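Shown next: my_file_24.pdb, containing PDB, C-alpha atoms, pLDDT in the B column.
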```pdb
ATOM      1  CA  GLY U   1       0.000   0.000   0.000  1.00 74.00           C
ATOM      2  CA  ASN U   2       2.991   2.353  -0.067  1.00 81.00           C
ATOM      3  CA  ASP U   3       3.282   4.587  -3.113  1.00 86.00           C
ATOM      4  CA  VAL U   4       6.945   4.519  -4.206  1.00 87.00           C
ATOM      5  CA  THR U   5       6.406   6.186  -7.568  1.00 88.00           C
ATOM      6  CA  ALA U   6       8.649   9.147  -6.717  1.00 91.00           C
ATOM      7  CA  THR U   7      11.357   6.852  -5.321  1.00 93.00           C
ATOM      8  CA  PHE U   8      11.738   4.896  -8.576  1.00 94.00           C
ATOM      9  CA  PRO U   9      10.785   7.300 -11.395  1.00 93.00           C
ATOM     10  CA  GLU U  10      12.780   5.413 -14.028  1.00 93.00           C
ATOM     11  CA  VAL U  11      10.231   2.570 -14.039  1.00 94.00           C
ATOM     12  CA  THR U  12       7.078   4.716 -14.264  1.00 92.00           C
ATOM     13  CA  GLY U  13       7.782   5.947 -17.795  1.00 92.00           C
ATOM     14  CA  PRO U  14       8.337   2.486 -19.291  1.00 94.00           C
ATOM     15  CA  LEU U  15       5.263   1.144 -17.470  1.00 94.00           C
ATOM     16  CA  ALA U  16       3.098   3.949 -18.828  1.00 93.00           C
ATOM     17  CA  ASP U  17       4.577   3.635 -22.324  1.00 94.00           C
ATOM     18  CA  VAL U  18       3.840  -0.085 -22.596  1.00 94.00           C
ATOM     19  CA  LEU U  19       0.433   0.032 -20.935  1.00 95.00           C
ATOM     20  CA  GLY U  20      -0.649   3.010 -23.028  1.00 93.00           C
ATOM     21  CA  GLY U  21      -3.418   3.987 -20.611  1.00 93.00           C
ATOM     22  CA  ARG U  22      -4.558   0.450 -19.884  1.00 94.00           C
ATOM     23  CA  GLU U  23      -5.293  -0.336 -16.247  1.00 95.00           C
ATOM     24  CA  ALA U  24      -3.156  -3.127 -14.781  1.00 96.00           C
ATOM     25  CA  ILE U  25      -2.213  -4.566 -11.418  1.00 95.00           C
ATOM     26  CA  LEU U  26       1.148  -6.292 -11.731  1.00 96.00           C
ATOM     27  CA  ASP U  27       3.253  -8.368  -9.338  1.00 94.00           C
ATOM     28  CA  GLY U  28       6.966  -7.782  -9.465  1.00 94.00           C
ATOM     29  CA  GLU U  29      10.120  -6.825  -7.655  1.00 94.00           C
ATOM     30  CA  ILE U  30      12.346  -3.773  -7.935  1.00 95.00           C
ATOM     31  CA  VAL U  31      16.040  -4.657  -7.863  1.00 95.00           C
ATOM     32  CA  ALA U  32      19.352  -2.869  -8.172  1.00 95.00           C
ATOM     33  CA  LEU U  33      21.939  -4.939 -10.001  1.00 92.00           C
ATOM     34  CA  ASP U  34      25.617  -5.160  -9.112  1.00 91.00           C
ATOM     35  CA  ALA U  35      28.486  -4.886 -11.594  1.00 91.00           C
ATOM     36  CA  HIS U  36      27.939  -8.552 -12.568  1.00 88.00           C
ATOM     37  CA  GLY U  37      24.211  -8.133 -13.247  1.00 86.00           C
ATOM     38  CA  ARG U  38      23.111  -9.823 -10.023  1.00 87.00           C
ATOM     39  CA  PRO U  39      20.455  -8.425  -7.684  1.00 89.00           C
ATOM     40  CA  SER U  40      22.095  -6.568  -4.799  1.00 91.00           C
ATOM     41  CA  PHE U  41      20.039  -5.655  -1.751  1.00 91.00           C
ATOM     42  CA  GLY U  42      22.897  -3.452  -0.562  1.00 92.00           C
ATOM     43  CA  ARG U  43      22.704  -1.383  -3.748  1.00 94.00           C
ATOM     44  CA  LEU U  44      18.906  -1.228  -3.553  1.00 95.00           C
ATOM     45  CA  GLN U  45      19.158   0.163  -0.024  1.00 94.00           C
ATOM     46  CA  ARG U  46      20.836   3.259  -1.473  1.00 93.00           C
ATOM     47  CA  ARG U  47      17.557   4.018  -3.251  1.00 93.00           C
ATOM     48  CA  MET U  48      14.990   2.875  -0.706  1.00 91.00           C
ATOM     49  CA  HIS U  49      13.170   5.646   1.149  1.00 87.00           C
ATOM     50  CA  VAL U  50      14.721   8.347  -1.053  1.00 92.00           C
ATOM     51  CA  LEU U  51      11.599  10.290  -1.979  1.00 90.00           C
ATOM     52  CA  ARG U  52      13.157  12.259  -4.818  1.00 92.00           C
ATOM     53  CA  PRO U  53      16.378  10.651  -6.045  1.00 95.00           C
ATOM     54  CA  THR U  54      18.730  12.952  -7.894  1.00 95.00           C
ATOM     55  CA  ALA U  55      19.740  12.272 -11.479  1.00 94.00           C
ATOM     56  CA  SER U  56      23.180  11.383 -10.136  1.00 96.00           C
ATOM     57  CA  LEU U  57      21.776   8.784  -7.725  1.00 95.00           C
ATOM     58  CA  ARG U  58      19.526   7.325 -10.442  1.00 94.00           C
ATOM     59  CA  SER U  59      22.559   7.098 -12.734  1.00 94.00           C
ATOM     60  CA  ASP U  60      24.870   5.596 -10.090  1.00 94.00           C
ATOM     61  CA  THR U  61      22.256   3.146  -8.789  1.00 95.00           C
ATOM     62  CA  PRO U  62      19.678   2.385 -11.481  1.00 95.00           C
ATOM     63  CA  VAL U  63      16.855  -0.001 -10.680  1.00 96.00           C
ATOM     64  CA  THR U  64      14.957  -2.538 -12.743  1.00 95.00           C
ATOM     65  CA  LEU U  65      11.410  -3.756 -12.186  1.00 96.00           C
ATOM     66  CA  TYR U  66      11.058  -7.483 -12.852  1.00 95.00           C
ATOM     67  CA  LEU U  67       7.418  -8.413 -13.446  1.00 96.00           C
ATOM     68  CA  PHE U  68       6.294 -11.907 -12.466  1.00 94.00           C
ATOM     69  CA  ASP U  69       2.512 -11.905 -12.745  1.00 95.00           C
ATOM     70  CA  VAL U  70      -0.561  -9.922 -13.757  1.00 96.00           C
ATOM     71  CA  LEU U  71      -3.374  -9.726 -11.181  1.00 96.00           C
ATOM     72  CA  ALA U  72      -5.807  -7.561 -13.127  1.00 97.00           C
ATOM     73  CA  LEU U  73      -5.970  -6.152 -16.614  1.00 96.00           C
ATOM     74  CA  ASP U  74      -8.410  -3.603 -18.012  1.00 95.00           C
ATOM     75  CA  GLY U  75     -10.462  -3.656 -14.807  1.00 95.00           C
ATOM     76  CA  ARG U  76     -10.830  -7.447 -14.741  1.00 97.00           C
ATOM     77  CA  SER U  77      -9.221  -9.679 -12.148  1.00 97.00           C
ATOM     78  CA  THR U  78      -6.982 -12.421 -13.490  1.00 97.00           C
ATOM     79  CA  THR U  79      -6.247 -13.993 -10.084  1.00 96.00           C
ATOM     80  CA  GLY U  80      -8.601 -16.928 -10.740  1.00 96.00           C
ATOM     81  CA  LEU U  81      -6.878 -17.868 -13.992  1.00 97.00           C
ATOM     82  CA  PRO U  82      -4.194 -20.566 -14.088  1.00 97.00           C
ATOM     83  CA  TYR U  83      -0.604 -19.337 -13.893  1.00 95.00           C
ATOM     84  CA  LEU U  84       0.190 -20.118 -17.536  1.00 96.00           C
ATOM     85  CA  GLU U  85      -2.753 -17.984 -18.718  1.00 97.00           C
ATOM     86  CA  ARG U  86      -1.735 -15.090 -16.459  1.00 97.00           C
ATOM     87  CA  ARG U  87       1.841 -15.414 -17.649  1.00 96.00           C
ATOM     88  CA  ALA U  88       0.736 -15.343 -21.305  1.00 96.00           C
ATOM     89  CA  ARG U  89      -1.234 -12.141 -20.648  1.00 96.00           C
ATOM     90  CA  LEU U  90       1.774 -10.594 -18.912  1.00 96.00           C
ATOM     91  CA  GLU U  91       4.073 -11.466 -21.817  1.00 95.00           C
ATOM     92  CA  SER U  92       1.536 -10.157 -24.341  1.00 95.00           C
ATOM     93  CA  LEU U  93       1.929  -6.674 -22.829  1.00 95.00           C
ATOM     94  CA  GLY U  94       5.410  -6.451 -24.389  1.00 94.00           C
ATOM     95  CA  PHE U  95       7.661  -5.284 -21.551  1.00 94.00           C
ATOM     96  CA  SER U  96      11.246  -5.627 -22.773  1.00 89.00           C
ATOM     97  CA  GLY U  97      13.214  -2.488 -21.955  1.00 89.00           C
ATOM     98  CA  PRO U  98      16.146  -2.114 -19.585  1.00 92.00           C
ATOM     99  CA  ARG U  99      14.065  -0.733 -16.666  1.00 94.00           C
ATOM    100  CA  VAL U 100      10.987  -3.010 -16.827  1.00 96.00           C
ATOM    101  CA  GLN U 101      11.411  -6.654 -17.787  1.00 94.00           C
ATOM    102  CA  VAL U 102       9.589  -9.966 -17.625  1.00 95.00           C
ATOM    103  CA  PRO U 103      12.154 -12.628 -16.700  1.00 91.00           C
ATOM    104  CA  PRO U 104      11.964 -16.013 -18.406  1.00 90.00           C
ATOM    105  CA  PHE U 105      10.340 -19.063 -16.883  1.00 90.00           C
ATOM    106  CA  TRP U 106      10.643 -22.742 -17.665  1.00 91.00           C
ATOM    107  CA  THR U 107       8.371 -25.769 -17.471  1.00 92.00           C
ATOM    108  CA  GLY U 108       9.381 -29.403 -17.393  1.00 91.00           C
ATOM    109  CA  VAL U 109      12.816 -28.677 -15.909  1.00 92.00           C
ATOM    110  CA  ASP U 110      14.204 -30.580 -12.930  1.00 92.00           C
ATOM    111  CA  GLY U 111      14.107 -28.513  -9.723  1.00 90.00           C
ATOM    112  CA  GLY U 112      17.644 -29.494  -8.764  1.00 92.00           C
ATOM    113  CA  HIS U 113      18.894 -28.242 -12.117  1.00 94.00           C
ATOM    114  CA  MET U 114      17.141 -24.899 -11.619  1.00 93.00           C
ATOM    115  CA  LEU U 115      18.687 -24.545  -8.154  1.00 94.00           C
ATOM    116  CA  ASN U 116      22.125 -25.187  -9.632  1.00 94.00           C
ATOM    117  CA  VAL U 117      21.521 -22.530 -12.305  1.00 92.00           C
ATOM    118  CA  ALA U 118      20.410 -20.062  -9.607  1.00 91.00           C
ATOM    119  CA  ARG U 119      23.492 -20.894  -7.531  1.00 91.00           C
ATOM    120  CA  GLU U 120      25.837 -20.458 -10.520  1.00 91.00           C
ATOM    121  CA  HIS U 121      24.341 -17.020 -11.189  1.00 86.00           C
ATOM    122  CA  HIS U 122      24.416 -15.996  -7.515  1.00 84.00           C
ATOM    123  CA  LEU U 123      20.640 -15.575  -7.348  1.00 86.00           C
ATOM    124  CA  GLU U 124      18.530 -15.772  -4.185  1.00 87.00           C
ATOM    125  CA  GLY U 125      16.869 -19.043  -5.148  1.00 90.00           C
ATOM    126  CA  VAL U 126      13.925 -20.268  -7.206  1.00 92.00           C
ATOM    127  CA  VAL U 127      10.158 -20.218  -6.981  1.00 90.00           C
ATOM    128  CA  ALA U 128       8.346 -23.257  -8.348  1.00 90.00           C
ATOM    129  CA  LYS U 129       4.706 -22.717  -9.298  1.00 90.00           C
ATOM    130  CA  ARG U 130       2.146 -25.242 -10.415  1.00 92.00           C
ATOM    131  CA  VAL U 131       1.166 -24.220 -13.924  1.00 93.00           C
ATOM    132  CA  ASP U 132      -2.527 -24.499 -13.039  1.00 94.00           C
ATOM    133  CA  SER U 133      -2.234 -22.476  -9.804  1.00 94.00           C
ATOM    134  CA  THR U 134      -4.351 -19.402  -9.157  1.00 94.00           C
ATOM    135  CA  TYR U 135      -3.054 -16.229  -7.521  1.00 93.00           C
ATOM    136  CA  ARG U 136      -3.938 -15.818  -3.854  1.00 89.00           C
ATOM    137  CA  PRO U 137      -3.434 -12.170  -2.878  1.00 85.00           C
ATOM    138  CA  GLY U 138      -1.956 -11.592   0.547  1.00 82.00           C
ATOM    139  CA  ARG U 139      -0.833 -15.128   1.275  1.00 80.00           C
ATOM    140  CA  ARG U 140       1.603 -17.699   0.022  1.00 77.00           C
ATOM    141  CA  SER U 141      -0.089 -20.475  -1.876  1.00 82.00           C
ATOM    142  CA  PRO U 142       0.899 -24.078  -1.170  1.00 88.00           C
ATOM    143  CA  THR U 143       1.103 -24.478  -4.963  1.00 90.00           C
ATOM    144  CA  TRP U 144       4.056 -22.065  -4.999  1.00 88.00           C
ATOM    145  CA  ILE U 145       7.238 -23.278  -3.381  1.00 89.00           C
ATOM    146  CA  LYS U 146      10.023 -20.806  -2.689  1.00 89.00           C
ATOM    147  CA  HIS U 147      13.425 -22.419  -2.275  1.00 90.00           C
ATOM    148  CA  PRO U 148      15.998 -19.843  -1.168  1.00 90.00           C
ATOM    149  CA  LEU U 149      19.710 -20.442  -1.447  1.00 90.00           C
ATOM    150  CA  ARG U 150      21.410 -19.603   1.812  1.00 86.00           C
ATOM    151  CA  ALA U 151      25.038 -19.555   2.740  1.00 79.00           C
ATOM    152  CA  ASN U 152      25.453 -21.554   5.947  1.00 81.00           C
ATOM    153  CA  THR U 153      28.392 -22.044   8.227  1.00 83.00           C
ATOM    154  CA  GLU U 154      29.082 -23.895  11.449  1.00 89.00           C
ATOM    155  CA  ALA U 155      30.644 -22.185  14.427  1.00 89.00           C
ATOM    156  CA  VAL U 156      31.368 -22.734  18.086  1.00 92.00           C
ATOM    157  CA  ILE U 157      30.005 -20.108  20.453  1.00 92.00           C
ATOM    158  CA  VAL U 158      32.683 -19.298  23.033  1.00 93.00           C
ATOM    159  CA  GLY U 159      31.014 -16.367  24.722  1.00 91.00           C
ATOM    160  CA  TRP U 160      28.875 -13.277  24.412  1.00 86.00           C
ATOM    161  CA  VAL U 161      28.805  -9.594  25.150  1.00 90.00           C
ATOM    162  CA  ASP U 162      25.883  -8.163  27.117  1.00 89.00           C
ATOM    163  CA  GLY U 163      23.405  -6.132  25.136  1.00 85.00           C
ATOM    164  CA  THR U 164      23.059  -2.380  25.452  1.00 85.00           C
ATOM    165  CA  GLY U 165      20.262   0.040  24.592  1.00 82.00           C
ATOM    166  CA  GLY U 166      17.245  -1.866  23.229  1.00 77.00           C
ATOM    167  CA  ALA U 167      19.080  -5.175  23.740  1.00 78.00           C
ATOM    168  CA  ARG U 168      19.861  -4.411  27.433  1.00 83.00           C
ATOM    169  CA  GLY U 169      19.367  -7.516  29.536  1.00 86.00           C
ATOM    170  CA  GLY U 170      19.995  -9.797  26.568  1.00 86.00           C
ATOM    171  CA  VAL U 171      22.786 -10.859  24.245  1.00 86.00           C
ATOM    172  CA  GLY U 172      24.461  -8.005  22.380  1.00 88.00           C
ATOM    173  CA  SER U 173      26.984 -10.003  20.369  1.00 88.00           C
ATOM    174  CA  LEU U 174      28.163 -13.570  20.110  1.00 87.00           C
ATOM    175  CA  LEU U 175      31.841 -14.490  20.206  1.00 90.00           C
ATOM    176  CA  LEU U 176      32.449 -17.265  17.713  1.00 91.00           C
TER     177      LEU U 176
END
```
Could you rewrite the structure in this file as structure tokens?
Amino acid sequence: GNDVTATFPEVTGPLADVLGGREAILDGEIVALDAHGRPSFGRLQRRMHVLRPTASLRSDTPVTLYLFDVLALDGRSTTGLPYLERRARLESLGFSGPRVQVPPFWTGVDGGHMLNVAREHHLEGVVAKRVDSTYRPGRRSPTWIKHPLRANTEAVIVGWVDGTGGARGGVGSLLL
């Protein structure tokens, strides 16, 4: 429910250009890419909560909107349609510029293979969706499985430092 139009003005023009006045509710994610073309939350943080980013900031830290789904088009809900039909409608809109894109998807591919591809490209993980699944606004559907890739490590805790401020009375830091 937060309007971030002014925070990311470089995506509003391409959205308006492609939609040409059509009404649409789209599901997507705004990302800032690193030098290797990978999503970087650290870079995105430079832009978050900046109500009116300067041209310099927009140039130094450009963002891209990746669209994943269409929830309504021309005043009609599409949430009850199967995923493949929603995806076809999204692709038919023709988003293909550098600031607003529809990433590819695959069917009939082994999940383990997709995780390996995501790992090789340093992505956050994969989302597997049943091709006949509907969209359930506001909650995660059991027909969509998100599998994040996380870096894990093992450590031995040898001590801690008492918390201060809001963490007073608790653990401030762990000594590993």
Please build the interface table for region 92-117 of chain U against region 8-19 of chain U with a cut-off of 9 Å, listing for each qualifying residue the nearest atom pair and the distance in Å to one decimal; count all atoms listed in the file, order rows by chain and increasing number, and write it as JSON lines.
```
{"residue": "U:Leu93", "atom": "CA", "partner": "U:Val18", "partner_atom": "CA", "distance": 6.9}
{"residue": "U:Gly94", "atom": "CA", "partner": "U:Val18", "partner_atom": "CA", "distance": 6.8}
{"residue": "U:Phe95", "atom": "CA", "partner": "U:Val18", "partner_atom": "CA", "distance": 6.5}
{"residue": "U:Gly97", "atom": "CA", "partner": "U:Pro14", "partner_atom": "CA", "distance": 7.5}
{"residue": "U:Arg99", "atom": "CA", "partner": "U:Val11", "partner_atom": "CA", "distance": 5.7}
{"residue": "U:Val100", "atom": "CA", "partner": "U:Val11", "partner_atom": "CA", "distance": 6.3}
```
Applied to this file, what does the PyMOL selection byres ((chain U and resi 7) around 12) return in terms of residues, put as an mmCIF file with C-alpha atoms, in the frame of the given file?
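After the write, selection.cif holds the following:
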```cif
data_model
loop_
_atom_site.group_PDB
_atom_site.id
_atom_site.type_symbol
_atom_site.label_atom_id
_atom_site.label_comp_id
_atom_site.auth_asym_id
_atom_site.auth_seq_id
_atom_site.Cartn_x
_atom_site.Cartn_y
_atom_site.Cartn_z
ATOM 1 C CA ASN U 2 2.991 2.353 -0.067
ATOM 2 C CA ASP U 3 3.282 4.587 -3.113
ATOM 3 C CA VAL U 4 6.945 4.519 -4.206
ATOM 4 C CA THR U 5 6.406 6.186 -7.568
ATOM 5 C CA ALA U 6 8.649 9.147 -6.717
ATOM 6 C CA PHE U 8 11.738 4.896 -8.576
ATOM 7 C CA PRO U 9 10.785 7.300 -11.395
ATOM 8 C CA GLU U 10 12.780 5.413 -14.028
ATOM 9 C CA VAL U 11 10.231 2.570 -14.039
ATOM 10 C CA THR U 12 7.078 4.716 -14.264
ATOM 11 C CA ILE U 30 12.346 -3.773 -7.935
ATOM 12 C CA LEU U 44 18.906 -1.228 -3.553
ATOM 13 C CA GLN U 45 19.158 0.163 -0.024
ATOM 14 C CA ARG U 46 20.836 3.259 -1.473
ATOM 15 C CA ARG U 47 17.557 4.018 -3.251
ATOM 16 C CA MET U 48 14.990 2.875 -0.706
ATOM 17 C CA HIS U 49 13.170 5.646 1.149
ATOM 18 C CA VAL U 50 14.721 8.347 -1.053
ATOM 19 C CA LEU U 51 11.599 10.290 -1.979
ATOM 20 C CA ARG U 52 13.157 12.259 -4.818
ATOM 21 C CA PRO U 53 16.378 10.651 -6.045
ATOM 22 C CA THR U 54 18.730 12.952 -7.894
ATOM 23 C CA ALA U 55 19.740 12.272 -11.479
ATOM 24 C CA LEU U 57 21.776 8.784 -7.725
ATOM 25 C CA ARG U 58 19.526 7.325 -10.442
ATOM 26 C CA PRO U 62 19.678 2.385 -11.481
ATOM 27 C CA VAL U 63 16.855 -0.001 -10.680
#
```
ask   = Can you tell me how far CA of Arg76 (chain U) sits from CA of Arg89 (chain U), in Å to one decimal?
value =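 That distance, rounded to one decimal, is 12.2 Å.
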message = Need the shell around Leu115 (chain U): protein/DNA/RNA residues with any atom at most 8 Å away, counting all atoms listed in the file. Skip same-chain ones fewer than 4 positions apart. Format as a ChimeraX atom specification?
response = /U:111,119,125-126,149
Atomic distance CA of Pro39 (chain U) - CA of Pro103 (chain U), expressed in Å with one decimal =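 Here the two named atoms are 13.0 Å from each other.
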ask   = Can you list, as a VMD selection string, the residues that the PyMOL selection byres ((chain U and resi 72) around 12) selects here?
value = chain U and resid 22 to 27 69 to 71 73 to 81 86 to 87 89 to 90 135 137
request  = Report as a list in words the residues that result from applying the PyMOL selection byres ((chain U and resi 106) around 12) to the structure here.
outcome  =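 Output from the PyMOL selection byres ((chain U and resi 106) around 12), applied to this file: Leu84, Arg87, Pro103, Pro104, Phe105, Thr107, Gly108, Val109, Asp110, Gly111, His113, Met114, Val126, Val127, Ala128, Lys129, Arg130 and Val131 of chain U.
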query = Which value, in Å to one decimal, gives the distance between CA of Trp160 (chain U) and CA of Leu175 (chain U)?
reply =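 Rounded to one decimal, the two atoms are 5.3 Å apart.
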Adding 4 Å on each side of the box along x, y and z that holds all listed atoms of region 32-35 of chain U, could you give its centre and edge lengths in Å to one decimal, as lines of an AutoDock Vina configuration file?
```
center_x = 23.9
center_y = -4.0
center_z = -9.9
size_x = 17.1
size_y = 10.3
size_z = 11.4
```
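Remark: for Leu65 (chain U), the closest of the candidate residues U:Ile157, U:Val117, U:Val171, U:Leu33 is U:Leu33 (distances computed over all atoms listed in the file).
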